[in-house]
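S.K.: Would you mind keeping the following structure in view while I ask a few things?
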Amino acid sequence: MKYIITKFFEKQLSQFSPNLNSEILVSRINISSKNFIGFQHPFFKVKLGIWNKTYRLIVSYDPEKQVVLCINIFDKKDKNIWQNISWRLHQKDILGWTEKNMQCIRDKQYYTLDV
């Protein structure tokens, strides 16, 4: 499985903990688990518990190519965005974050992790 980590996603990730990094985060994602929740194709919601703290991610997953693009991350306690995130209410935000990630890819501001 290949994970794409962009500069935009790294910036979002750095807001949560100085000890949390992409390698730790990616090692906890299990696409076959109940924490990998279908959302709106090709997007998924992912629930992760790391060091007594819970995070939520939005990822884009291509099962044929076995590639995951990390879109954004939230603290579970962020009641403004995460508690009731839905495609209908947050489509514009999710597509905007996706575009920022795609721009990083076009600008070659990303790296991949193989797990």
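Ordering of the structure tokens sets the chain letters (A, B, ...); residue numbers start at 1 within each chain; ligands are numbered from 1 in the order shown.
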Counting only C-alpha atoms, what is within 9 Å of region 6-13 of chain A, bar same-chain residues fewer than 6 positions away, as a list in words?
M.R.: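 Once the adjacent positions are removed, what remains is Leu20, Asn21, Ser22, Leu69, Cys70, Ile71, Asn72, Ile73, Phe74, Trp97, Lys100, Asn101, Met102, Cys104, Ile105, Lys108, Gln109, Tyr110, Tyr111 and Thr112 of chain A.
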S.K.: Tell me, which residues of region 52-98 of chain A carry DSSP strand (DSSP E), written as a PyMOL selection string?
M.R.: chain A and resi 53-62+67-75
S.K.: Could those selected residues go to a file with C-alpha atoms, as a tab-separated table (two decimals), in the first residue's frame?
M.R.:
```tsv
chain	number	residue	atom	x	y	z
A	53	LYS	CA	-5.84	10.94	21.69
A	54	THR	CA	-8.29	10.33	18.87
A	55	TYR	CA	-7.99	11.75	15.37
A	56	ARG	CA	-10.18	11.67	12.30
A	57	LEU	CA	-8.86	11.75	8.76
A	58	ILE	CA	-10.33	12.15	5.34
A	59	VAL	CA	-8.49	10.16	2.71
A	60	SER	CA	-8.95	9.32	-0.93
A	61	TYR	CA	-8.36	5.65	-1.72
A	62	ASP	CA	-7.82	3.94	-5.05
A	67	VAL	CA	-2.84	4.24	-3.19
A	68	VAL	CA	-4.14	6.40	-0.33
A	69	LEU	CA	-3.98	10.20	-0.51
A	70	CYS	CA	-4.26	11.80	2.92
A	71	ILE	CA	-6.57	14.81	2.52
A	72	ASN	CA	-6.97	16.34	6.00
A	73	ILE	CA	-6.88	15.48	9.69
A	74	PHE	CA	-8.97	16.64	12.64
A	75	ASP	CA	-8.94	16.24	16.38
```
S.K.: I'd like the interatomic distance between CA of Asp114 (chain A) and CA of Lys2 (chain A), to a tenth of an Å.
M.R.: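 Distance reported for this atom pair: 4.6 Å.
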S.K.: So which residues of chain A fall under helix (DSSP H, G or I) by DSSP, listed as a PDB file with N, CA, C and O atoms, in the first residue's frame?
M.R.:
```
ATOM      1  N   LYS A   7       2.608  18.441   1.250  1.00  0.00           N
ATOM      2  CA  LYS A   7       3.002  19.546   2.122  1.00  0.00           C
ATOM      3  C   LYS A   7       1.781  20.103   2.856  1.00  0.00           C
ATOM      4  O   LYS A   7       1.854  20.426   4.038  1.00  0.00           O
ATOM      5  N   PHE A   8       0.649  20.198   2.166  1.00  0.00           N
ATOM      6  CA  PHE A   8      -0.587  20.694   2.795  1.00  0.00           C
ATOM      7  C   PHE A   8      -0.989  19.793   3.959  1.00  0.00           C
ATOM      8  O   PHE A   8      -1.289  20.265   5.049  1.00  0.00           O
ATOM      9  N   PHE A   9      -0.980  18.480   3.744  1.00  0.00           N
ATOM     10  CA  PHE A   9      -1.358  17.554   4.801  1.00  0.00           C
ATOM     11  C   PHE A   9      -0.367  17.616   5.968  1.00  0.00           C
ATOM     12  O   PHE A   9      -0.767  17.602   7.126  1.00  0.00           O
ATOM     13  N   GLU A  10       0.921  17.694   5.673  1.00  0.00           N
ATOM     14  CA  GLU A  10       1.930  17.799   6.728  1.00  0.00           C
ATOM     15  C   GLU A  10       1.680  19.039   7.589  1.00  0.00           C
ATOM     16  O   GLU A  10       1.836  18.988   8.808  1.00  0.00           O
ATOM     17  N   LYS A  11       1.308  20.128   6.955  1.00  0.00           N
ATOM     18  CA  LYS A  11       1.023  21.372   7.695  1.00  0.00           C
ATOM     19  C   LYS A  11      -0.173  21.165   8.623  1.00  0.00           C
ATOM     20  O   LYS A  11      -0.155  21.577   9.779  1.00  0.00           O
ATOM     21  N   GLN A  12      -1.211  20.509   8.130  1.00  0.00           N
ATOM     22  CA  GLN A  12      -2.385  20.226   8.948  1.00  0.00           C
ATOM     23  C   GLN A  12      -2.013  19.309  10.114  1.00  0.00           C
ATOM     24  O   GLN A  12      -2.436  19.519  11.235  1.00  0.00           O
ATOM     25  N   LEU A  13      -1.218  18.307   9.843  1.00  0.00           N
ATOM     26  CA  LEU A  13      -0.801  17.337  10.849  1.00  0.00           C
ATOM     27  C   LEU A  13       0.030  17.993  11.949  1.00  0.00           C
ATOM     28  O   LEU A  13      -0.125  17.683  13.122  1.00  0.00           O
ATOM     29  N   SER A  14       0.881  18.922  11.586  1.00  0.00           N
ATOM     30  CA  SER A  14       1.769  19.559  12.561  1.00  0.00           C
ATOM     31  C   SER A  14       1.011  20.388  13.600  1.00  0.00           C
ATOM     32  O   SER A  14       1.561  20.712  14.647  1.00  0.00           O
ATOM     33  N   SER A  22       3.844  11.641  10.063  1.00  0.00           N
ATOM     34  CA  SER A  22       3.146  10.870   9.028  1.00  0.00           C
ATOM     35  C   SER A  22       3.400   9.384   9.139  1.00  0.00           C
ATOM     36  O   SER A  22       2.503   8.580   8.917  1.00  0.00           O
ATOM     37  N   GLU A  23       4.623   8.992   9.484  1.00  0.00           N
ATOM     38  CA  GLU A  23       4.954   7.578   9.566  1.00  0.00           C
ATOM     39  C   GLU A  23       4.123   6.883  10.647  1.00  0.00           C
ATOM     40  O   GLU A  23       3.606   5.788  10.435  1.00  0.00           O
ATOM     41  N   ILE A  24       4.009   7.524  11.799  1.00  0.00           N
ATOM     42  CA  ILE A  24       3.205   6.956  12.884  1.00  0.00           C
ATOM     43  C   ILE A  24       1.741   6.886  12.463  1.00  0.00           C
ATOM     44  O   ILE A  24       1.074   5.876  12.649  1.00  0.00           O
ATOM     45  N   LEU A  25       1.252   7.962  11.879  1.00  0.00           N
ATOM     46  CA  LEU A  25      -0.136   8.031  11.453  1.00  0.00           C
ATOM     47  C   LEU A  25      -0.460   6.943  10.434  1.00  0.00           C
ATOM     48  O   LEU A  25      -1.421   6.190  10.586  1.00  0.00           O
ATOM     49  N   VAL A  26       0.357   6.835   9.418  1.00  0.00           N
ATOM     50  CA  VAL A  26       0.123   5.864   8.347  1.00  0.00           C
ATOM     51  C   VAL A  26       0.215   4.431   8.871  1.00  0.00           C
ATOM     52  O   VAL A  26      -0.547   3.564   8.450  1.00  0.00           O
ATOM     53  N   SER A  27       1.101   4.197   9.810  1.00  0.00           N
ATOM     54  CA  SER A  27       1.230   2.841  10.348  1.00  0.00           C
ATOM     55  C   SER A  27      -0.035   2.397  11.080  1.00  0.00           C
ATOM     56  O   SER A  27      -0.269   1.204  11.249  1.00  0.00           O
ATOM     57  N   ARG A  28      -0.859   3.340  11.499  1.00  0.00           N
ATOM     58  CA  ARG A  28      -2.091   3.024  12.227  1.00  0.00           C
ATOM     59  C   ARG A  28      -3.311   2.860  11.319  1.00  0.00           C
ATOM     60  O   ARG A  28      -4.347   2.390  11.770  1.00  0.00           O
ATOM     61  N   TRP A  87     -21.065  14.591   3.580  1.00  0.00           N
ATOM     62  CA  TRP A  87     -20.743  15.024   2.224  1.00  0.00           C
ATOM     63  C   TRP A  87     -21.614  16.212   1.837  1.00  0.00           C
ATOM     64  O   TRP A  87     -21.136  17.177   1.264  1.00  0.00           O
ATOM     65  N   ARG A  88     -22.853  16.160   2.177  1.00  0.00           N
ATOM     66  CA  ARG A  88     -23.786  17.223   1.805  1.00  0.00           C
ATOM     67  C   ARG A  88     -23.379  18.559   2.415  1.00  0.00           C
ATOM     68  O   ARG A  88     -23.388  19.586   1.739  1.00  0.00           O
ATOM     69  N   LEU A  89     -22.968  18.560   3.677  1.00  0.00           N
ATOM     70  CA  LEU A  89     -22.620  19.802   4.364  1.00  0.00           C
ATOM     71  C   LEU A  89     -21.189  20.275   4.108  1.00  0.00           C
ATOM     72  O   LEU A  89     -20.921  21.467   4.143  1.00  0.00           O
ATOM     73  N   HIS A  90     -20.267  19.355   3.857  1.00  0.00           N
ATOM     74  CA  HIS A  90     -18.854  19.704   3.786  1.00  0.00           C
ATOM     75  C   HIS A  90     -18.208  19.418   2.440  1.00  0.00           C
ATOM     76  O   HIS A  90     -16.988  19.442   2.323  1.00  0.00           O
ATOM     77  N   GLN A  91     -19.008  19.173   1.418  1.00  0.00           N
ATOM     78  CA  GLN A  91     -18.475  18.842   0.096  1.00  0.00           C
ATOM     79  C   GLN A  91     -17.509  19.912  -0.405  1.00  0.00           C
ATOM     80  O   GLN A  91     -16.425  19.600  -0.893  1.00  0.00           O
ATOM     81  N   LYS A  92     -17.876  21.170  -0.272  1.00  0.00           N
ATOM     82  CA  LYS A  92     -17.037  22.263  -0.769  1.00  0.00           C
ATOM     83  C   LYS A  92     -15.678  22.276  -0.055  1.00  0.00           C
ATOM     84  O   LYS A  92     -14.643  22.436  -0.693  1.00  0.00           O
ATOM     85  N   ASP A  93     -15.695  22.087   1.270  1.00  0.00           N
ATOM     86  CA  ASP A  93     -14.443  22.048   2.034  1.00  0.00           C
ATOM     87  C   ASP A  93     -13.577  20.872   1.609  1.00  0.00           C
ATOM     88  O   ASP A  93     -12.370  21.029   1.383  1.00  0.00           O
ATOM     89  N   ILE A  94     -14.180  19.703   1.500  1.00  0.00           N
ATOM     90  CA  ILE A  94     -13.424  18.496   1.151  1.00  0.00           C
ATOM     91  C   ILE A  94     -12.816  18.619  -0.242  1.00  0.00           C
ATOM     92  O   ILE A  94     -11.651  18.285  -0.454  1.00  0.00           O
ATOM     93  N   LEU A  95     -13.580  19.113  -1.177  1.00  0.00           N
ATOM     94  CA  LEU A  95     -13.047  19.293  -2.532  1.00  0.00           C
ATOM     95  C   LEU A  95     -11.957  20.365  -2.559  1.00  0.00           C
ATOM     96  O   LEU A  95     -10.980  20.245  -3.298  1.00  0.00           O
ATOM     97  N   GLY A  96     -12.094  21.405  -1.736  1.00  0.00           N
ATOM     98  CA  GLY A  96     -11.057  22.433  -1.636  1.00  0.00           C
ATOM     99  C   GLY A  96      -9.761  21.868  -1.072  1.00  0.00           C
ATOM    100  O   GLY A  96      -8.675  22.163  -1.577  1.00  0.00           O
ATOM    101  N   TRP A  97      -9.877  21.060  -0.007  1.00  0.00           N
ATOM    102  CA  TRP A  97      -8.685  20.426   0.570  1.00  0.00           C
ATOM    103  C   TRP A  97      -8.046  19.474  -0.426  1.00  0.00           C
ATOM    104  O   TRP A  97      -6.821  19.404  -0.532  1.00  0.00           O
ATOM    105  N   THR A  98      -8.876  18.755  -1.169  1.00  0.00           N
ATOM    106  CA  THR A  98      -8.355  17.836  -2.180  1.00  0.00           C
ATOM    107  C   THR A  98      -7.581  18.606  -3.238  1.00  0.00           C
ATOM    108  O   THR A  98      -6.490  18.191  -3.650  1.00  0.00           O
ATOM    109  N   GLU A  99      -8.118  19.734  -3.666  1.00  0.00           N
ATOM    110  CA  GLU A  99      -7.434  20.550  -4.672  1.00  0.00           C
ATOM    111  C   GLU A  99      -6.096  21.063  -4.139  1.00  0.00           C
ATOM    112  O   GLU A  99      -5.109  21.095  -4.872  1.00  0.00           O
ATOM    113  N   LYS A 100      -6.042  21.457  -2.877  1.00  0.00           N
ATOM    114  CA  LYS A 100      -4.769  21.905  -2.287  1.00  0.00           C
ATOM    115  C   LYS A 100      -3.752  20.774  -2.283  1.00  0.00           C
ATOM    116  O   LYS A 100      -2.567  20.993  -2.568  1.00  0.00           O
ATOM    117  N   ASN A 101      -4.192  19.559  -1.980  1.00  0.00           N
ATOM    118  CA  ASN A 101      -3.302  18.401  -2.032  1.00  0.00           C
ATOM    119  C   ASN A 101      -2.851  18.119  -3.461  1.00  0.00           C
ATOM    120  O   ASN A 101      -1.684  17.814  -3.700  1.00  0.00           O
ATOM    121  N   MET A 102      -3.765  18.222  -4.409  1.00  0.00           N
ATOM    122  CA  MET A 102      -3.413  17.973  -5.808  1.00  0.00           C
ATOM    123  C   MET A 102      -2.428  19.025  -6.317  1.00  0.00           C
ATOM    124  O   MET A 102      -1.532  18.705  -7.102  1.00  0.00           O
ATOM    125  N   GLN A 103      -2.566  20.265  -5.860  1.00  0.00           N
ATOM    126  CA  GLN A 103      -1.621  21.313  -6.249  1.00  0.00           C
ATOM    127  C   GLN A 103      -0.228  20.991  -5.710  1.00  0.00           C
ATOM    128  O   GLN A 103       0.761  21.183  -6.408  1.00  0.00           O
ATOM    129  N   CYS A 104      -0.158  20.495  -4.500  1.00  0.00           N
ATOM    130  CA  CYS A 104       1.131  20.075  -3.940  1.00  0.00           C
ATOM    131  C   CYS A 104       1.747  18.955  -4.788  1.00  0.00           C
ATOM    132  O   CYS A 104       2.964  18.948  -5.020  1.00  0.00           O
ATOM    133  N   ILE A 105       0.922  18.028  -5.238  1.00  0.00           N
ATOM    134  CA  ILE A 105       1.423  16.943  -6.079  1.00  0.00           C
ATOM    135  C   ILE A 105       1.935  17.500  -7.403  1.00  0.00           C
ATOM    136  O   ILE A 105       3.023  17.135  -7.862  1.00  0.00           O
ATOM    137  N   ARG A 106       1.181  18.412  -8.005  1.00  0.00           N
ATOM    138  CA  ARG A 106       1.636  19.029  -9.262  1.00  0.00           C
ATOM    139  C   ARG A 106       2.942  19.787  -9.062  1.00  0.00           C
ATOM    140  O   ARG A 106       3.795  19.811  -9.957  1.00  0.00           O
TER     141      ARG A 106
END
```
S.K.: Provide the CA of Phe44 (chain A) to CA of Gln15 (chain A) distance in Å, to one decimal place.
M.R.: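 Pair CA of Phe44 (chain A) / CA of Gln15 (chain A) returns 21.5 Å.
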S.K.: Could you tell me how far CA of Ser17 (chain A) sits from CA of Phe36 (chain A), in Å to one decimal place?
M.R.: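 CA of Ser17 (chain A) lies at a distance of 22.3 Å from CA of Phe36 (chain A).
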